[in-house]
file protein.txt (compact mmCIF, C-alpha atoms)
# COMPACT_ATOMS: atom_id res chain seq x y z
CA MET C 53 25.41 3.76 21.21
CA ALA C 54 25.08 -0.02 21.42
CA GLU C 55 22.58 -0.89 18.80
CA GLU C 56 20.65 -4.12 18.53
CA VAL C 57 19.16 -4.97 15.17
CA LYS C 58 17.32 -8.23 14.57
CA LEU C 59 15.38 -9.46 11.59
CA ILE C 60 12.73 -12.16 11.85
CA GLY C 61 12.46 -13.63 8.38
CA MET C 62 11.97 -16.66 6.18
CA TRP C 63 14.61 -17.83 3.72
CA GLY C 64 12.28 -18.14 0.73
CA SER C 65 10.26 -14.95 1.25
CA PRO C 66 10.97 -12.09 -1.17
CA PHE C 67 9.59 -9.65 1.43
CA SER C 68 12.06 -10.86 4.01
CA ARG C 69 14.96 -10.72 1.51
CA ARG C 70 14.08 -7.10 0.65
CA VAL C 71 14.91 -6.08 4.18
CA GLU C 72 18.19 -7.99 4.13
CA ILE C 73 19.21 -6.23 0.90
CA ALA C 74 18.56 -2.85 2.51
CA LEU C 75 20.44 -3.66 5.71
CA LYS C 76 23.43 -5.06 3.77
CA LEU C 77 23.42 -2.08 1.40
CA LYS C 78 23.79 0.19 4.39
CA GLY C 79 26.32 -1.93 6.21
CA VAL C 80 24.05 -2.52 9.20
CA GLN C 81 25.00 -5.45 11.44
CA TYR C 82 22.02 -7.56 12.39
CA ASP C 83 21.00 -10.89 13.84
CA TYR C 84 18.88 -12.99 11.55
CA ILE C 85 16.17 -15.13 13.09
CA GLU C 86 14.62 -17.70 10.75
CA ASP C 87 10.95 -18.32 11.51
CA ASP C 88 9.15 -21.56 10.75
CA LEU C 89 5.97 -20.19 9.26
CA THR C 90 4.20 -23.54 9.73
CA ASN C 91 4.80 -23.12 13.45
CA LYS C 92 5.11 -19.39 14.17
CA SER C 93 7.35 -18.42 17.05
CA PRO C 94 6.12 -16.56 20.15
CA LEU C 95 8.59 -13.80 19.21
CA LEU C 96 6.95 -13.32 15.81
CA LEU C 97 3.44 -13.37 17.26
CA LYS C 98 4.45 -10.85 19.90
CA SER C 99 6.33 -8.60 17.45
CA ASN C 100 3.65 -8.61 14.74
CA PRO C 101 0.36 -9.39 16.46
CA VAL C 102 -1.65 -7.66 13.71
CA HIS C 103 -0.50 -9.67 10.70
CA LYS C 104 1.63 -12.46 12.28
CA LYS C 105 3.90 -12.31 9.23
CA VAL C 106 7.54 -11.92 8.34
CA PRO C 107 9.57 -9.83 7.93
CA VAL C 108 9.73 -7.98 11.23
CA LEU C 109 12.64 -5.71 12.03
CA LEU C 110 13.48 -5.30 15.70
CA HIS C 111 15.55 -2.19 16.40
CA ASN C 112 16.60 -2.00 20.03
CA GLY C 113 13.58 -4.13 20.86
CA LYS C 114 11.09 -2.00 18.89
CA PRO C 115 9.30 -3.99 16.18
CA ILE C 116 8.47 -2.72 12.69
CA ALA C 117 6.42 -4.85 10.29
CA GLU C 118 5.53 -4.61 6.56
CA SER C 119 8.52 -4.69 4.25
CA LEU C 120 8.01 -1.33 2.49
CA VAL C 121 7.47 0.38 5.87
CA ILE C 122 10.66 -1.29 7.12
CA LEU C 123 12.61 -0.15 4.04
CA GLU C 124 11.64 3.48 4.63
CA TYR C 125 12.52 3.14 8.31
CA ILE C 126 15.93 1.72 7.42
CA ASP C 127 16.53 4.57 4.97
CA GLU C 128 15.64 7.19 7.57
CA THR C 129 17.68 5.59 10.34
CA TRP C 130 20.92 4.67 8.52
CA LYS C 131 22.04 7.32 6.08
CA ALA C 132 24.70 5.52 4.00
CA ASN C 133 23.72 4.52 0.44
CA PRO C 134 20.23 6.07 0.32
CA ILE C 135 17.46 3.85 -1.01
CA LEU C 136 15.09 6.72 -1.74
CA PRO C 137 16.01 9.74 -3.88
CA GLN C 138 16.45 13.21 -2.38
CA HIS C 139 13.85 15.23 -4.26
CA PRO C 140 10.23 14.95 -3.02
CA TYR C 141 8.89 14.35 -6.53
CA ASP C 142 11.34 11.53 -7.22
CA ARG C 143 10.55 10.08 -3.78
CA ALA C 144 6.84 10.18 -4.63
CA MET C 145 7.51 8.34 -7.89
CA ALA C 146 9.59 5.71 -6.08
CA ARG C 147 6.79 5.16 -3.55
CA PHE C 148 4.22 5.03 -6.35
CA TRP C 149 6.09 2.31 -8.24
CA ALA C 150 6.93 0.28 -5.12
CA LYS C 151 3.23 0.36 -4.24
CA TYR C 152 2.30 -0.65 -7.79
CA ILE C 153 4.64 -3.62 -7.60
CA ASP C 154 3.29 -4.69 -4.21
CA GLU C 155 -0.40 -4.14 -4.81
CA LYS C 156 -0.82 -5.03 -8.48
CA CYS C 157 2.20 -6.82 -9.96
CA MET C 158 2.97 -9.37 -7.25
CA LEU C 159 -0.61 -10.61 -7.15
CA ALA C 160 -0.97 -10.70 -10.93
CA LEU C 161 2.31 -12.59 -11.37
CA TRP C 162 1.49 -15.02 -8.57
CA ASN C 163 -1.99 -15.68 -10.01
CA ALA C 164 -0.59 -16.28 -13.48
CA CYS C 165 1.65 -19.00 -12.06
CA TRP C 166 -0.75 -20.66 -9.65
CA CYS C 167 -4.24 -20.32 -11.07
CA GLU C 168 -6.29 -23.13 -12.54
CA LYS C 169 -5.60 -23.98 -16.19
CA LYS C 170 -8.96 -22.60 -17.29
CA ASP C 171 -8.12 -19.16 -15.90
CA ARG C 172 -4.51 -19.16 -17.02
CA GLU C 173 -4.80 -17.27 -20.29
CA LYS C 174 -6.55 -14.30 -18.69
CA ALA C 175 -4.22 -14.32 -15.68
CA VAL C 176 -1.12 -14.37 -17.89
CA GLU C 177 -2.50 -11.43 -19.92
CA GLU C 178 -3.02 -9.43 -16.73
CA ALA C 179 0.47 -10.26 -15.51
CA LYS C 180 1.91 -9.13 -18.83
CA VAL C 181 0.09 -5.79 -18.56
CA CYS C 182 1.92 -5.21 -15.27
CA LEU C 183 5.27 -6.20 -16.75
CA LYS C 184 4.69 -3.94 -19.76
CA THR C 185 3.89 -1.04 -17.46
CA LEU C 186 7.17 -1.58 -15.61
CA GLU C 187 9.02 -2.01 -18.91
CA ASN C 188 7.70 1.40 -20.01
CA GLU C 189 8.69 3.00 -16.72
CA LEU C 190 12.23 1.67 -16.87
CA LYS C 191 12.80 3.11 -20.38
CA ASP C 192 16.55 3.70 -20.77
CA LYS C 193 17.46 3.61 -17.08
CA LYS C 194 19.89 1.02 -15.78
CA PHE C 195 17.79 0.53 -12.65
CA PHE C 196 14.44 1.93 -11.51
CA GLY C 197 16.55 3.95 -9.06
CA GLY C 198 18.75 5.32 -11.87
CA GLU C 199 22.45 4.48 -11.83
CA SER C 200 22.18 2.44 -8.65
CA ILE C 201 19.47 0.28 -7.12
CA GLY C 202 16.81 1.94 -5.02
CA LEU C 203 13.50 1.27 -3.30
CA VAL C 204 11.73 0.14 -6.47
CA ASP C 205 14.50 -2.24 -7.50
CA ILE C 206 14.49 -3.78 -4.03
CA ALA C 207 10.69 -4.11 -4.14
CA ALA C 208 11.00 -5.74 -7.57
CA ASN C 209 13.13 -8.63 -6.27
CA PHE C 210 10.22 -10.99 -6.84
CA ILE C 211 10.19 -10.03 -10.50
CA GLY C 212 13.94 -10.27 -10.80
CA PHE C 213 14.25 -13.73 -9.32
CA TRP C 214 11.20 -15.51 -7.97
CA VAL C 215 9.12 -15.19 -11.15
CA GLY C 216 11.75 -17.08 -13.12
CA VAL C 217 12.12 -19.86 -10.54
CA ILE C 218 8.37 -20.38 -10.07
CA GLY C 219 7.82 -20.08 -13.81
CA GLU C 220 10.21 -22.95 -14.47
CA VAL C 221 8.44 -25.14 -11.92
CA VAL C 222 4.89 -24.48 -13.17
CA GLY C 223 5.79 -24.11 -16.85
CA VAL C 224 4.75 -20.48 -17.25
CA GLU C 225 7.31 -18.13 -18.76
CA LEU C 226 6.34 -14.54 -18.12
CA LEU C 227 9.46 -12.42 -18.42
CA THR C 228 10.33 -13.17 -22.07
CA ILE C 229 13.03 -11.22 -23.89
CA ASP C 230 10.93 -10.68 -27.03
CA LYS C 231 8.15 -8.91 -25.13
CA PHE C 232 10.18 -7.35 -22.32
CA PRO C 233 13.73 -6.67 -23.53
CA ILE C 234 14.28 -3.73 -21.17
CA LEU C 235 13.00 -5.57 -18.11
CA CYS C 236 15.13 -8.62 -19.00
CA LYS C 237 18.19 -6.38 -19.27
CA TRP C 238 17.31 -4.87 -15.90
CA ARG C 239 16.97 -8.34 -14.42
CA ASP C 240 20.42 -9.33 -15.63
CA GLU C 241 22.04 -6.16 -14.26
CA TYR C 242 20.09 -6.56 -11.03
CA LEU C 243 21.09 -10.17 -10.45
CA GLY C 244 24.67 -9.14 -11.21
CA CYS C 245 24.78 -6.71 -8.26
CA SER C 246 26.66 -8.30 -5.39
CA VAL C 247 24.23 -7.01 -2.73
CA ILE C 248 21.38 -8.68 -4.62
CA LYS C 249 23.22 -11.87 -5.59
CA GLU C 250 24.30 -12.46 -2.00
CA ASN C 251 20.77 -11.99 -0.66
CA LEU C 252 18.83 -14.41 -2.77
CA PRO C 253 17.78 -17.89 -1.74
CA SER C 254 19.42 -20.76 -3.58
CA LYS C 255 17.69 -21.38 -6.89
CA GLU C 256 17.74 -25.13 -6.27
CA LYS C 257 16.28 -24.87 -2.79
CA LEU C 258 13.57 -22.44 -3.91
CA GLY C 259 12.73 -24.57 -6.95
CA ALA C 260 12.44 -27.65 -4.76
CA TYR C 261 10.19 -25.77 -2.34
CA PHE C 262 7.78 -24.79 -5.10
CA ARG C 263 7.91 -28.23 -6.68
CA THR C 264 6.77 -29.69 -3.34
CA ARG C 265 3.95 -27.19 -3.34
CA VAL C 266 2.83 -28.26 -6.82
CA GLU C 267 3.00 -31.94 -5.84
CA SER C 268 1.01 -31.52 -2.64
CA ALA C 269 -1.59 -29.43 -4.48
CA SER C 270 -2.10 -32.11 -7.10
CA GLN C 271 -2.23 -34.83 -4.43
CA SER C 272 -4.93 -33.07 -2.48
CA LYS C 273 -7.22 -32.89 -5.52
CA MET B 86 7.73 27.37 -4.31
CA GLY B 87 5.70 29.45 -6.77
CA GLU B 88 4.41 26.59 -8.91
CA GLU B 89 0.69 26.06 -9.40
CA VAL B 90 -1.03 23.33 -7.44
CA LYS B 91 -4.07 21.52 -8.79
CA VAL B 92 -6.10 18.62 -7.51
CA ILE B 93 -7.95 16.44 -10.01
CA GLY B 94 -10.70 14.88 -7.96
CA PHE B 95 -14.24 13.75 -7.36
CA SER B 96 -16.02 15.58 -4.55
CA LEU B 97 -17.63 12.50 -3.04
CA SER B 98 -14.38 10.55 -2.79
CA SER B 99 -12.76 10.41 0.64
CA PHE B 100 -9.41 9.69 -1.05
CA CYS B 101 -9.67 13.08 -2.78
CA VAL B 102 -10.93 14.94 0.29
CA ARG B 103 -7.96 13.78 2.36
CA VAL B 104 -5.64 15.47 -0.15
CA GLU B 105 -7.60 18.73 0.23
CA TRP B 106 -7.37 18.42 4.01
CA ALA B 107 -3.59 18.10 3.80
CA LEU B 108 -3.24 21.11 1.49
CA LYS B 109 -5.51 23.26 3.65
CA LEU B 110 -3.67 22.22 6.81
CA LYS B 111 -0.48 23.50 5.24
CA GLY B 112 -2.04 26.67 3.87
CA VAL B 113 -1.39 25.69 0.24
CA GLU B 114 -3.55 27.39 -2.39
CA TYR B 115 -4.82 25.02 -5.05
CA GLU B 116 -7.23 24.78 -7.93
CA TYR B 117 -9.73 21.93 -7.86
CA ILE B 118 -10.53 20.22 -11.14
CA LYS B 119 -13.71 18.16 -10.97
CA GLU B 120 -13.60 14.82 -12.69
CA ASP B 121 -16.63 12.93 -14.02
CA LEU B 122 -15.69 9.34 -13.26
CA ARG B 123 -18.23 7.94 -15.71
CA ASN B 124 -16.52 9.90 -18.47
CA LYS B 125 -12.87 10.25 -17.59
CA SER B 126 -11.12 13.27 -19.04
CA PRO B 127 -8.06 13.11 -21.33
CA MET B 128 -6.29 15.06 -18.58
CA LEU B 129 -6.85 12.33 -15.99
CA LEU B 130 -5.86 9.60 -18.42
CA LYS B 131 -2.69 11.53 -19.28
CA TYR B 132 -1.69 12.22 -15.68
CA ASN B 133 -2.57 8.82 -14.25
CA PRO B 134 -2.23 6.38 -17.14
CA VAL B 135 -1.46 3.45 -14.84
CA HIS B 136 -4.57 3.53 -12.65
CA LYS B 137 -6.77 6.14 -14.35
CA LYS B 138 -8.06 7.16 -10.93
CA VAL B 139 -8.52 10.22 -8.77
CA PRO B 140 -7.01 11.93 -6.87
CA VAL B 141 -4.08 13.24 -8.83
CA LEU B 142 -2.05 16.15 -7.49
CA LEU B 143 -0.45 18.38 -10.10
CA HIS B 144 2.45 20.46 -8.85
CA GLY B 145 3.48 22.61 -11.79
CA ASP B 146 3.50 20.06 -14.58
CA LYS B 147 4.36 17.12 -12.33
CA PRO B 148 1.52 14.65 -11.60
CA ILE B 149 1.40 12.54 -8.46
CA PRO B 150 -1.35 9.87 -8.13
CA GLU B 151 -2.28 7.62 -5.16
CA SER B 152 -3.55 9.55 -2.15
CA LEU B 153 -1.10 8.16 0.42
CA VAL B 154 1.83 8.94 -1.90
CA ILE B 155 0.35 12.43 -2.39
CA LEU B 156 0.07 13.00 1.36
CA GLU B 157 3.76 12.17 1.86
CA TYR B 158 4.71 14.41 -1.07
CA ILE B 159 2.70 17.29 0.41
CA ASP B 160 4.37 16.73 3.77
CA GLU B 161 7.87 16.79 2.27
CA THR B 162 7.22 19.80 0.05
CA TRP B 163 5.43 22.16 2.43
CA LYS B 164 6.91 22.15 5.90
CA ASP B 165 4.20 23.90 7.97
CA ASN B 166 2.10 21.71 10.26
CA PRO B 167 3.93 18.43 9.67
CA LEU B 168 1.71 15.42 9.00
CA LEU B 169 4.22 12.74 9.89
CA PRO B 170 6.15 12.74 13.16
CA GLU B 171 9.89 13.50 13.28
CA ASP B 172 11.04 10.28 14.88
CA PRO B 173 11.65 7.45 12.34
CA TYR B 174 10.00 4.84 14.57
CA GLU B 175 6.87 6.96 15.02
CA ARG B 176 6.84 7.58 11.27
CA ALA B 177 7.03 3.84 10.65
CA MET B 178 4.11 3.29 13.02
CA ALA B 179 2.03 5.94 11.22
CA ARG B 180 2.79 4.34 7.85
CA PHE B 181 2.06 0.86 9.19
CA TRP B 182 -1.34 1.88 10.56
CA ALA B 183 -2.19 3.87 7.43
CA LYS B 184 -1.52 0.79 5.29
CA TYR B 185 -3.53 -1.35 7.71
CA ALA B 186 -6.44 1.08 7.71
CA GLU B 187 -6.53 1.18 3.90
CA GLU B 188 -6.19 -2.56 3.44
CA LYS B 189 -8.37 -3.84 6.25
CA CYS B 190 -10.72 -1.10 7.49
CA VAL B 191 -11.62 0.46 4.12
CA PHE B 192 -11.70 -2.84 2.26
CA GLY B 193 -13.50 -4.62 5.10
CA THR B 194 -16.15 -1.93 5.38
CA TRP B 195 -16.70 -1.90 1.63
CA GLU B 196 -17.09 -5.71 1.62
CA ALA B 197 -19.67 -5.42 4.41
CA PHE B 198 -21.47 -2.71 2.43
CA LYS B 199 -21.71 -4.84 -0.71
CA ALA B 200 -22.60 -8.16 0.88
CA GLU B 201 -25.89 -9.74 1.91
CA GLY B 202 -26.97 -12.34 4.43
CA GLU B 203 -24.38 -14.63 5.95
CA GLU B 204 -21.60 -13.20 3.79
CA ARG B 205 -22.43 -9.80 5.20
CA GLU B 206 -22.27 -10.99 8.80
CA LYS B 207 -18.82 -12.42 8.16
CA ALA B 208 -17.64 -9.28 6.35
CA MET B 209 -18.90 -7.07 9.17
CA GLU B 210 -17.16 -9.09 11.85
CA SER B 211 -13.92 -8.92 9.91
CA ALA B 212 -14.26 -5.15 9.46
CA LEU B 213 -15.07 -4.71 13.15
CA GLU B 214 -11.96 -6.68 14.13
CA SER B 215 -9.95 -4.19 12.13
CA PHE B 216 -11.69 -1.31 13.92
CA ALA B 217 -10.62 -2.83 17.23
CA PHE B 218 -7.00 -2.25 16.25
CA LEU B 219 -7.77 1.41 15.47
CA GLU B 220 -9.50 1.72 18.84
CA LYS B 221 -6.31 0.54 20.53
CA ALA B 222 -4.21 2.97 18.48
CA ILE B 223 -6.33 6.03 19.44
CA LYS B 224 -6.92 5.16 23.11
CA GLY B 225 -5.87 7.97 25.44
CA LYS B 226 -5.02 10.31 22.57
CA LYS B 227 -6.79 13.34 21.19
CA PHE B 228 -5.68 12.53 17.65
CA PHE B 229 -3.88 9.59 16.05
CA GLY B 230 -1.10 12.14 15.57
CA GLY B 231 -1.05 12.97 19.29
CA GLU B 232 -1.87 16.51 20.38
CA LYS B 233 -2.34 17.66 16.79
CA MET B 234 -3.90 15.85 13.88
CA GLY B 235 -1.52 14.12 11.53
CA PHE B 236 -1.10 11.67 8.70
CA LEU B 237 -3.14 8.86 10.21
CA ASP B 238 -6.03 11.16 11.17
CA LEU B 239 -6.33 12.22 7.52
CA VAL B 240 -6.06 8.61 6.33
CA VAL B 241 -8.88 7.36 8.58
CA GLY B 242 -10.78 10.63 8.24
CA TRP B 243 -13.37 8.83 6.09
CA ILE B 244 -14.78 7.21 9.20
CA PRO B 245 -16.72 10.13 10.73
CA HIS B 246 -18.64 11.05 7.57
CA TRP B 247 -18.43 8.33 4.91
CA LEU B 248 -18.86 5.44 7.31
CA SER B 249 -21.95 6.97 8.87
CA VAL B 250 -23.49 7.32 5.41
CA LEU B 251 -22.59 3.71 4.51
CA GLU B 252 -24.21 2.65 7.80
CA GLU B 253 -27.38 4.60 6.99
CA VAL B 254 -27.66 3.33 3.40
CA ARG B 255 -27.29 -0.33 4.44
CA GLY B 256 -28.94 -0.12 7.84
CA MET B 257 -25.85 -1.42 9.58
CA LYS B 258 -24.09 -0.19 12.71
CA MET B 259 -20.34 -0.35 12.77
CA LEU B 260 -18.93 2.53 14.78
CA ASP B 261 -20.62 1.52 18.00
CA ALA B 262 -19.83 3.99 20.81
CA GLU B 263 -19.94 1.19 23.35
CA ARG B 264 -17.65 -1.15 21.50
CA PHE B 265 -15.26 1.56 20.25
CA PRO B 266 -15.55 4.48 22.70
CA SER B 267 -12.20 6.12 21.88
CA LEU B 268 -12.61 5.80 18.12
CA HIS B 269 -16.15 7.12 18.37
CA GLU B 270 -15.04 10.12 20.42
CA TRP B 271 -12.23 10.87 17.97
CA ALA B 272 -14.72 10.69 15.06
CA VAL B 273 -17.20 13.05 16.70
CA ASN B 274 -14.47 15.63 17.39
CA PHE B 275 -12.65 15.26 14.08
CA ILE B 276 -15.61 16.06 11.88
CA GLN B 277 -16.27 19.28 13.83
CA ILE B 278 -12.87 20.77 13.04
CA PRO B 279 -13.58 23.66 10.59
CA LEU B 280 -10.98 22.79 7.94
CA ILE B 281 -12.15 19.18 7.99
CA LYS B 282 -15.82 20.06 7.90
CA GLU B 283 -15.48 22.52 5.03
CA CYS B 284 -14.17 19.87 2.61
CA ILE B 285 -16.66 17.09 3.20
CA PRO B 286 -19.40 16.62 0.59
CA PRO B 287 -23.06 17.29 1.49
CA ARG B 288 -24.54 14.28 3.24
CA ASP B 289 -27.52 14.00 0.88
CA ASP B 290 -25.28 13.85 -2.18
CA LEU B 291 -23.26 11.07 -0.59
CA VAL B 292 -26.39 9.18 0.51
CA ASN B 293 -27.85 9.32 -3.00
CA HIS B 294 -24.59 8.31 -4.58
CA LEU B 295 -24.12 5.31 -2.29
CA HIS B 296 -27.73 4.19 -2.74
CA ALA B 297 -27.17 4.25 -6.48
CA THR B 298 -23.83 2.44 -6.12
CA PHE B 299 -25.41 -0.28 -4.01
CA SER B 300 -28.27 -0.80 -6.49
CA HIS B 301 -25.79 -1.01 -9.31
CA LEU B 302 -23.68 -3.57 -7.47
CA ARG B 303 -26.74 -5.68 -6.66
CA SER B 304 -27.84 -5.63 -10.30
CA LEU B 305 -24.36 -6.72 -11.38
CA SER B 306 -24.35 -9.69 -9.02
CA ALA B 307 -27.94 -10.58 -9.95
CA ASN B 308 -26.78 -10.86 -13.56
CA LYS B 309 -23.95 -13.20 -12.72
CA PRO B 310 -24.50 -16.88 -13.60
call {"tool": "encode", "arguments": {"input": "protein.txt", "output": "structure tokens"}}
result
Amino acid sequence: MAEEVKLIGMWGSPFSRRVEIALKLKGVQYDYIEDDLTNKSPLLLKSNPVHKKVPVLLHNGKPIAESLVILEYIDETWKANPILPQHPYDRAMARFWAKYIDEKCMLALWNACWCEKKDREKAVEEAKVCLKTLENELKDKKFFGGESIGLVDIAANFIGFWVGVIGEVVGVELLTIDKFPILCKWRDEYLGCSVIKENLPSKEKLGAYFRTRVESASQSK
Amino acid sequence: MGEEVKVIGFSLSSFCVRVEWALKLKGVEYEYIKEDLRNKSPMLLKYNPVHKKVPVLLHGDKPIPESLVILEYIDETWKDNPLLPEDPYERAMARFWAKYAEEKCVFGTWEAFKAEGEEREKAMESALESFAFLEKAIKGKKFFGGEKMGFLDLVVGWIPHWLSVLEEVRGMKMLDAERFPSLHEWAVNFIQIPLIKECIPPRDDLVNHLHATFSHLRSLSANKP
């Protein structure tokens, strides 16, 4: 069956990169379409009229939006290298933690980096609560998915990479080895995986992107 | 599957009721453990240490929090009357709309409930825009799940009962039959289904609770500098 898989994404978006990790993990051939989010393409607006965001997966012309929804779709459609565990309870736990990362952690970490100085202390504390929770969940596992990376590890790409890059730019170090030794160890293993390494934006390019953001924010004040 | 099933919940919470709907739909016997949210039990704090919220499903000694996660667990564990469709694309659509409904419709409605004046007008318009997407999704169908109710019907099942109470308490109209005819029709039919109806809390209890909630929220914002 001739299969057409396309991904509309953005090079610096962790959500977009999640989908690429999953597709590469499963050996799925796809066409990547970079979208200029400052000037959204008609294809993006047509494929995701509700949110108008990346990533969008197009499978034989059918669009799927929202990265965690896309990850589950990919797992159900291409069976090699499962992202979710087999047992319903373990699957529920994976979904729970992926949701926790998306709904609590990402926002808390982002806020801690980008908030006003007066709110920083509180925001950093909240971010650290999230990281501690993940640290406790990881315990003695190599990855959240066990011996190999799974849904939660893919969802945690922001924590594994982006947090460090943004942190360096804004001068906020969140993932410190003294407070989060297990999570730091996970990060190192994670970034060592070829499927992860090969699907990250360049550190320099991402750093430059966020530096521009800081500069334009301070200029507009 | 002889393990005991328990639901730790609060009877007025639509998130808890949707779990009961799913279990009843699949003919699963369960014990309901009532939680006093003003005085959370050690059991709740033990089984949901991350969020400390209801509902929590206990299957044997295994706790599962977060109602949407629970619904998928129920669907994968008990195979009668499937909640999610078979086809992966249809499943993705159900998950997408469930996420949308939780993030935009529930949140939007709650914002409209809490707000006053101009803020309220804005919040209502935003919530109503989100309802327009649901209207499109249900058009021409008996249920969001098609011929039979499914995952998405349970997820937006708060609309027929809870929304009408929110509307009454705040004197606002959101589920307008003229603006959202298909959604309105679905709501009217959904709430009449026996297994749905038997789990919903008494209207008066919900009205009183939401009146009290609104007063409390107003007093909190009045005390803000």
call {"tool": "closest_residue", "arguments": {"input": "protein.txt", "among": "B:Val104, B:Ala177, B:Leu153, B:Leu168", "to": "chain C", "atoms": "only C-alpha atoms"}}
result
B:Ala177
call {"tool": "closest_residue", "arguments": {"input": "protein.txt", "among": "C:Ile116, C:Cys245, C:Leu252, C:Ala146", "to": "C:Val102", "atoms": "only C-alpha atoms"}}
result
C:Ile116
call {"tool": "closest_residue", "arguments": {"input": "protein.txt", "among": "B:Asp261, B:Asp146, B:Glu283, B:Glu252", "to": "B:Leu295", "atoms": "only C-alpha atoms"}}
result
B:Glu252
call {"tool": "closest_residue", "arguments": {"input": "protein.txt", "among": "B:Trp247, B:His301, B:Tyr174, B:Gly242", "to": "C:Leu109", "atoms": "only C-alpha atoms"}}
result
B:Tyr174
call {"tool": "closest_residue", "arguments": {"input": "protein.txt", "among": "B:Lys258, B:Val250, B:Ala179, B:Trp195", "to": "B:Gly230", "atoms": "only C-alpha atoms"}}
result
B:Ala179
call {"tool": "residues_around", "arguments": {"input": "protein.txt", "residues": "B:Pro286", "least_positions_apart": "6", "cutoff": "10 Å", "atoms": "only C-alpha atoms", "output": "VMD selection string"}}
result
chain B and resid 95 to 99 102 246 to 247
call {"tool": "write_last_selection", "arguments": {"input": "protein.txt", "atoms": "C-alpha atoms", "output": "PDB file, in the coordinates of the input"}}
result
ATOM      1  CA  PHE B  95     -14.240  13.750  -7.360  1.00  0.00           C
ATOM      2  CA  SER B  96     -16.020  15.580  -4.550  1.00  0.00           C
ATOM      3  CA  LEU B  97     -17.630  12.500  -3.040  1.00  0.00           C
ATOM      4  CA  SER B  98     -14.380  10.550  -2.790  1.00  0.00           C
ATOM      5  CA  SER B  99     -12.760  10.410   0.640  1.00  0.00           C
ATOM      6  CA  VAL B 102     -10.930  14.940   0.290  1.00  0.00           C
ATOM      7  CA  HIS B 246     -18.640  11.050   7.570  1.00  0.00           C
ATOM      8  CA  TRP B 247     -18.430   8.330   4.910  1.00  0.00           C
TER       9      TRP B 247
END
call {"tool": "residues_around", "arguments": {"input": "protein.txt", "residues": "B:Val191", "least_positions_apart": "4", "cutoff": "10 Å", "atoms": "all atoms listed in the file", "output": "compact mmCIF listing (two decimals) with C-alpha atoms, in the frame of the given file"}}
result
# COMPACT_ATOMS: atom_id res chain seq x y z
CA TYR B 185 -3.53 -1.35 7.71
CA ALA B 186 -6.44 1.08 7.71
CA GLU B 187 -6.53 1.18 3.90
CA TRP B 195 -16.70 -1.90 1.63
CA GLU B 196 -17.09 -5.71 1.62
CA ALA B 197 -19.67 -5.42 4.41
CA ALA B 212 -14.26 -5.15 9.46
CA SER B 215 -9.95 -4.19 12.13
CA PHE B 216 -11.69 -1.31 13.92
CA VAL B 241 -8.88 7.36 8.58
CA TRP B 243 -13.37 8.83 6.09
CA ILE B 244 -14.78 7.21 9.20
CA LEU B 248 -18.86 5.44 7.31
call {"tool": "residues_near_point", "arguments": {"input": "protein.txt", "point": "(-5.4, 6.9, 16.9)", "cutoff": "10 Å", "atoms": "only C-alpha atoms", "output": "list in words"}}
result
Ala179, Trp182, Phe218, Leu219, Glu220, Lys221, Ala222, Ile223, Lys224, Gly225, Lys226, Lys227, Phe228, Phe229, Gly230, Gly231, Met234, Gly235, Leu237, Asp238, Val241, Ser267, Leu268 and Trp271 of chain B
call {"tool": "residues_around", "arguments": {"input": "protein.txt", "residues": "C:Pro66", "least_positions_apart": "4", "cutoff": "8 Å", "atoms": "all atoms listed in the file", "output": "PyMOL selection string"}}
result
chain C and resi 70+209-210+214
call {"tool": "interface_residues", "arguments": {"input": "protein.txt", "of": "chain C", "to": "chain B", "cutoff": "12 Å", "atoms": "only C-alpha atoms", "output": "ChimeraX atom specification"}}
result
/C:100-103,108-130,138-157,181-186,188-189
call {"tool": "axis_aligned_box", "arguments": {"input": "protein.txt", "around": "stretch 156-164 of chain B", "padding_each_side": "5 Å", "output": "lines of an AutoDock Vina configuration file"}}
result
center_x = 4.0
center_y = 17.2
center_z = 2.4
size_x = 17.8
size_y = 20.0
size_z = 17.0
call {"tool": "residues_around", "arguments": {"input": "protein.txt", "residues": "C:Leu77", "least_positions_apart": "4", "cutoff": "8 Å", "atoms": "only C-alpha atoms", "output": "number ranges by chain"}}
result
C: 73, 133, 247
call {"tool": "residues_near_point", "arguments": {"input": "protein.txt", "point": "(-23.7, -4.0, -1.0)", "cutoff": "9 Å", "atoms": "only C-alpha atoms", "output": "PyMOL selection string"}}
result
chain B and resi 195-201+205+255+298-300+302-303
call {"tool": "residues_around", "arguments": {"input": "protein.txt", "residues": "B:Ile93", "least_positions_apart": "3", "cutoff": "6 Å", "atoms": "all atoms listed in the file", "output": "list of chain:residue names"}}
result
B:Ile118, B:Pro140, B:Val141
call {"tool": "closest_residue", "arguments": {"input": "protein.txt", "among": "C:Asp88, C:Glu250, C:Asp240, C:Asp83", "to": "C:Met62", "atoms": "all atoms listed in the file"}}
result
C:Asp88
call {"tool": "atom_distance", "arguments": {"input": "protein.txt", "atom1": "atom CA of B:Lys125", "atom2": "atom CA of B:Val139"}}
result
9.8 Å
